[in-house]
Amino acid sequence: MIAYLDPQQNQTPNPPSVAGDPTGTGTGTCTCTGTEADPWIATASSDFGGTFHAVPAAVIHPKTSADVASTIRLATGTHHLTVTARGNGHSISGQSLSDGGLVLNMRSLDQKMELVTLPDDGQYCVDVSGGALWEEVLEWCVKNYNMAPVSWTDYLGLTVGGTLSNGGVSGQAFRHGPQVANVVQMEVVTGDGECHVCSPVDLSELFYAVLGGFGQFGIITRARLRLQPAPSTVRWIRVAYDKFEEYSADAEQLVNRTRSEAFDYVEGFAFVNSSDPVNGWPSVEFRSGPSFDSGKVPVGSGPVLYCLEVAVHFNNQQSDKVDERVHEMLRPLKYIRGLEFTIDVSYVDFLSRVKHVEKEARASGSWATPHPWLNLFIASSDIVDFDRRVFKNILKDGIGGPMLVYPMLRNKWDEKMSAALPKSEIFYLVALLRFPQPYPNGPRIEEVLAQNRHIIDCCRSNGYDFKLYLPHYESETDWAEHFGDDGWLRFVKRKKQYDRTAVLAPGQKIFSRVSN
Ligand code: FAD
């Protein structure tokens with residue numbers, strides 16, 4: 001237990017000036033909390049996945065990047081302390097935990113946002129804290145300037161620093177690239193406690209290292225994000241398929257369309273061919289629209305069906321043109337006629353769609369139970385085989401939550417970033433977002449984790465071109481394999497350059513702390 005750290009002064013003089021507030025964003029000056037009864041210690045000892053636990057020595061609530069820098073310097077001055085940036089703790093496998101180290105509650109950073117115009121091309125951007133939630137960024141940009149970032153995650157209760165440390169993908173990634181491809185500048189505090197401003201032009205090696213870098217090279221305290229005008233409305237469409245080959249061919253054709261013919265959003269998921277309310281037909285229909293007419297599913301269809309989900313942005317004054325445009329865009333697709341579902345929603349409601357799921361899951365208790373999720377990137381050339389072996393076989397009864405499967409393009413990611421990807425130009429995100437019922441109503445968590453390992457083994461043993469997204473490994477050999485020979489050499493070199501003593505992000509279990 002540490003009584004009180006004032007990272008500005010590198011000393012431990014007084015009790016905390018502000019008590020921990022795990023539900024809020026912290027107030028007052030930088031504080032540290034660390035008694036055993038402190039609710040912040042309990043909060044920072046676990047994550048959304050709920051299967052990993054590690055108790056930190058203390059939780060620091062920085063207000064400024066100088067507070068972050070002093071905390072890191074304090075840790076590097078010891079032989080053993082580590083520092084973990086905790087965004088919103090929505091990792092699955094302990095990535096935001098720190099066993100016996102210091103956890104920085106990034107939500108307590110000053111949350112001021114600012115609109116900026118780039119001098120060279122007049123592009124509008126927003127400067128935000130690394131601890132800002134994407135839902136806060138959306139609200140501020142739309143309310144004040146009717147603008148919005150171009151690339152999102154499905155769920156917006158994640159911090160900017162948390163998703164930029166991984167990738168940040170959703171149905172806009174095929175068109176605009178992932179969130180990491182839409183940052184123009186960052187303020188980063190490296191493992192020596194120095195604060196830098198980096199961009200593709202200034203300190204570019206640090207800039208690209210941090211993007212998708214799992215928090216290994218520096219803590220993102222501010223980020224400058226590209227904006228576009230926010231549309232008023234989104235036409236949100238779902239169409240169902242019985243054949244995976246047709247589903248994937250259509251999805252790939254859609255992500256390859258030229259900009260003027262492209263949807264603004266392309267995603268999709270596999271679902272069970274049954275009336276199961278969570279895994280089956282009802283997961284396709286919209287609340288206010290017609291029900292799924294299972295009579296339209298061709299006789300002899302397999303255990304799993306597929307739903308392509310697309311969207312078009314428009315402003316209300318163009319609504320007369322949108323019907324015709326959407327009709328033309330859908331016409332060549334091979335979905336099952338009669339199984340199309342359409343709804344118009346406001347842009348903010350569309351981007352906030354998972355908030356409703358969160359509310360329901362909190363009410364039912366399933367938000368707080370363990371979430372043994374698995375995320376993979378799988379090459380287009382292997383996805384049909386994956387469907388046959390995994391969706392139609394191992395997961396044919398569903399997983400108690402969404403099974404996302406949709407394509408994106410490698411050329412929208414910059415190779416200089418740390419993120420590791422399959423070699424294929426088109427690859428799919430497969431996200432198994434499990435919300436299992438607690439045992440004995442649902443499976444034991446160990447069984448679900450074993451099934452995840454079985455799926456990864458299946459990808460390995462069949463020689464797929466694939467990567468884990470949001471990976472968790474325990475051994476250096478596995479990490480080296482994840483990055484590949486050149487990627488691993490570059491990753492290790494960057495670590496030596498920016499965090500020599502491996503003070504940062506120990507929860508990723510990539511490097512061990514080196515004593516001074
Ligand atoms: P944390 O879990 O707090 O931290 C994750 C890692 O990033 C840790 O190693 C941490 O040390 C590091 N980190 C955090 N902040 C910083 C910072 N400022 N600087 C440097 N390192 C930092 N991902 C997608 O791509 N698309 C989705 O649609 C999507 N949906 C999700 C929905 C839910 C309900 C959940 C739980 C997760 C989802 N994710 C999605 C995964 C999510 O993007 C990652 O788990 C992300 O890391 C979570 O952000 P966080 O702020 O909670 O980060």
# chains A, B, ... in the order shown; residues from 1 in each chain; ligands from 1
>>> select_by_dssp(residues="segment 339-476 of chain A", states="alpha helix (DSSP H)", output="ChimeraX atom specification")
/A:347-351,353-364,380-386,445-461,476
>>> residues_near_ligand(ligand="ligand 1", cutoff="8 Å", atoms="only C-alpha atoms and all ligand atoms", output="PyMOL selection string")
chain A and resi 47-49+84-92+94-97+106+130-131+133+152-170+178+188+210+213-222+354+358+470+504-508
>>> write_last_selection(atoms="C-alpha atoms", output="CSV table (one decimal), in the first residue's frame")
chain,number,residue,atom,x,y,z
A,47,ASP,CA,-11.3,-5.9,-16.4
A,48,PHE,CA,-14.3,-6.5,-18.6
A,49,GLY,CA,-13.1,-10.0,-19.4
A,84,THR,CA,-0.1,0.8,-16.5
A,85,ALA,CA,-2.5,3.2,-18.3
A,86,ARG,CA,-6.0,2.1,-17.5
A,87,GLY,CA,-8.4,3.6,-20.1
A,88,ASN,CA,-11.9,2.2,-19.3
A,89,GLY,CA,-10.6,-1.3,-18.4
A,90,HIS,CA,-12.5,-2.9,-21.3
A,91,SER,CA,-9.7,-5.4,-22.0
A,92,ILE,CA,-10.5,-9.1,-21.9
A,94,GLY,CA,-5.7,-8.5,-18.1
A,95,GLN,CA,-4.0,-6.0,-20.5
A,96,SER,CA,-4.9,-3.0,-18.3
A,97,LEU,CA,-3.8,-4.7,-15.0
A,106,MET,CA,-6.6,7.9,-17.6
A,130,GLY,CA,-6.1,10.0,-24.3
A,131,GLY,CA,-8.6,9.2,-21.5
A,133,LEU,CA,-14.4,8.0,-24.1
A,152,TRP,CA,-15.4,4.1,-34.9
A,153,THR,CA,-15.7,1.1,-32.8
A,154,ASP,CA,-19.1,-0.6,-32.4
A,155,TYR,CA,-19.2,0.3,-28.7
A,156,LEU,CA,-18.2,3.8,-27.7
A,157,GLY,CA,-17.5,3.3,-23.9
A,158,LEU,CA,-13.8,2.8,-24.7
A,159,THR,CA,-11.1,5.4,-24.4
A,160,VAL,CA,-9.2,7.0,-27.3
A,161,GLY,CA,-5.9,5.8,-25.8
A,162,GLY,CA,-7.2,2.3,-25.3
A,163,THR,CA,-8.4,1.8,-28.9
A,164,LEU,CA,-5.4,3.6,-30.5
A,165,SER,CA,-3.2,1.1,-28.6
A,166,ASN,CA,-4.9,-1.7,-30.5
A,167,GLY,CA,-6.5,-0.7,-33.7
A,168,GLY,CA,-10.1,0.4,-33.3
A,169,VAL,CA,-12.3,-1.3,-35.9
A,170,SER,CA,-15.9,-1.2,-37.0
A,178,PRO,CA,-9.3,1.8,-38.5
A,188,VAL,CA,3.0,10.7,-25.8
A,210,VAL,CA,2.5,3.8,-30.4
A,213,GLY,CA,1.6,-0.7,-29.8
A,214,PHE,CA,-0.3,-2.2,-26.8
A,215,GLY,CA,0.8,0.7,-24.6
A,216,GLN,CA,4.4,-0.6,-24.8
A,217,PHE,CA,6.2,2.5,-26.0
A,218,GLY,CA,4.4,5.4,-24.4
A,219,ILE,CA,1.2,6.6,-22.8
A,220,ILE,CA,-1.1,8.6,-25.1
A,221,THR,CA,-2.1,11.7,-23.2
A,222,ARG,CA,-3.6,13.6,-26.2
A,354,VAL,CA,-24.5,-0.8,-28.5
A,358,GLU,CA,-25.1,-2.4,-22.5
A,470,LEU,CA,-6.4,-7.8,-29.0
A,504,LEU,CA,5.0,0.4,-19.2
A,505,ALA,CA,1.9,-1.9,-19.7
A,506,PRO,CA,3.1,-5.1,-17.9
A,507,GLY,CA,-0.4,-6.5,-18.2
A,508,GLN,CA,0.3,-7.3,-21.8
>>> residues_around(residues="segment 294-303 of chain A", least_positions_apart="3", cutoff="7 Å", atoms="only C-alpha atoms", output="list of chain:residue names")
A:Asp242, A:Val272, A:Asn273, A:Gly338, A:Lys392, A:Lys396
>>> residues_around(residues="Leu339 of chain A", least_positions_apart="6", cutoff="7 Å", atoms="only C-alpha atoms", output="list in words")
Val239, Ala240 and Phe292 of chain A
>>> closest_atom_pairs(of="segment 214-273 of chain A", to="segment 420-440 of chain A", cutoff="9 Å", atoms="only C-alpha atoms", output="JSON lines")
{"residue": "A:Glu252", "atom": "CA", "partner": "A:Ile426", "partner_atom": "CA", "distance": 7.7}
{"residue": "A:Val255", "atom": "CA", "partner": "A:Ile426", "partner_atom": "CA", "distance": 9.0}
{"residue": "A:Phe269", "atom": "CA", "partner": "A:Val430", "partner_atom": "CA", "distance": 8.7}
>>> write_last_selection(atoms="N, CA and C atoms", output="PDB file, in the first residue's frame")
ATOM      1  N   GLU A 252     -17.230  -8.756 -49.792  1.00  0.00           N
ATOM      2  CA  GLU A 252     -15.936  -8.341 -50.349  1.00  0.00           C
ATOM      3  C   GLU A 252     -16.141  -7.398 -51.529  1.00  0.00           C
ATOM      4  N   VAL A 255     -16.810  -3.933 -50.046  1.00  0.00           N
ATOM      5  CA  VAL A 255     -15.679  -3.160 -49.487  1.00  0.00           C
ATOM      6  C   VAL A 255     -14.701  -2.738 -50.574  1.00  0.00           C
ATOM      7  N   PHE A 269     -22.683 -10.561 -39.467  1.00  0.00           N
ATOM      8  CA  PHE A 269     -22.514 -11.563 -38.414  1.00  0.00           C
ATOM      9  C   PHE A 269     -23.153 -12.885 -38.817  1.00  0.00           C
TER      10      PHE A 269
END
>>> atom_distance(atom1="atom CA of Tyr469 of chain A", atom2="atom CA of Asn375 of chain A")
5.1 Å
>>> atom_distance(atom1="atom CA of Cys30 of chain A", atom2="atom CA of Arg500 of chain A")
26.0 Å
>>> residues_around(residues="Leu115 of chain A", least_positions_apart="6", cutoff="7 Å", atoms="only C-alpha atoms", output="list in words")
Cys125, Val126 and Asp127 of chain A
>>> select_by_dssp(residues="segment 52-289 of chain A", states="strand (DSSP E or B)", output="ChimeraX atom specification")
/A:58-61,83-86,102-105,114-117,124-129,133,147-149,159,183-190,195-198,218-229,233-241,265-272
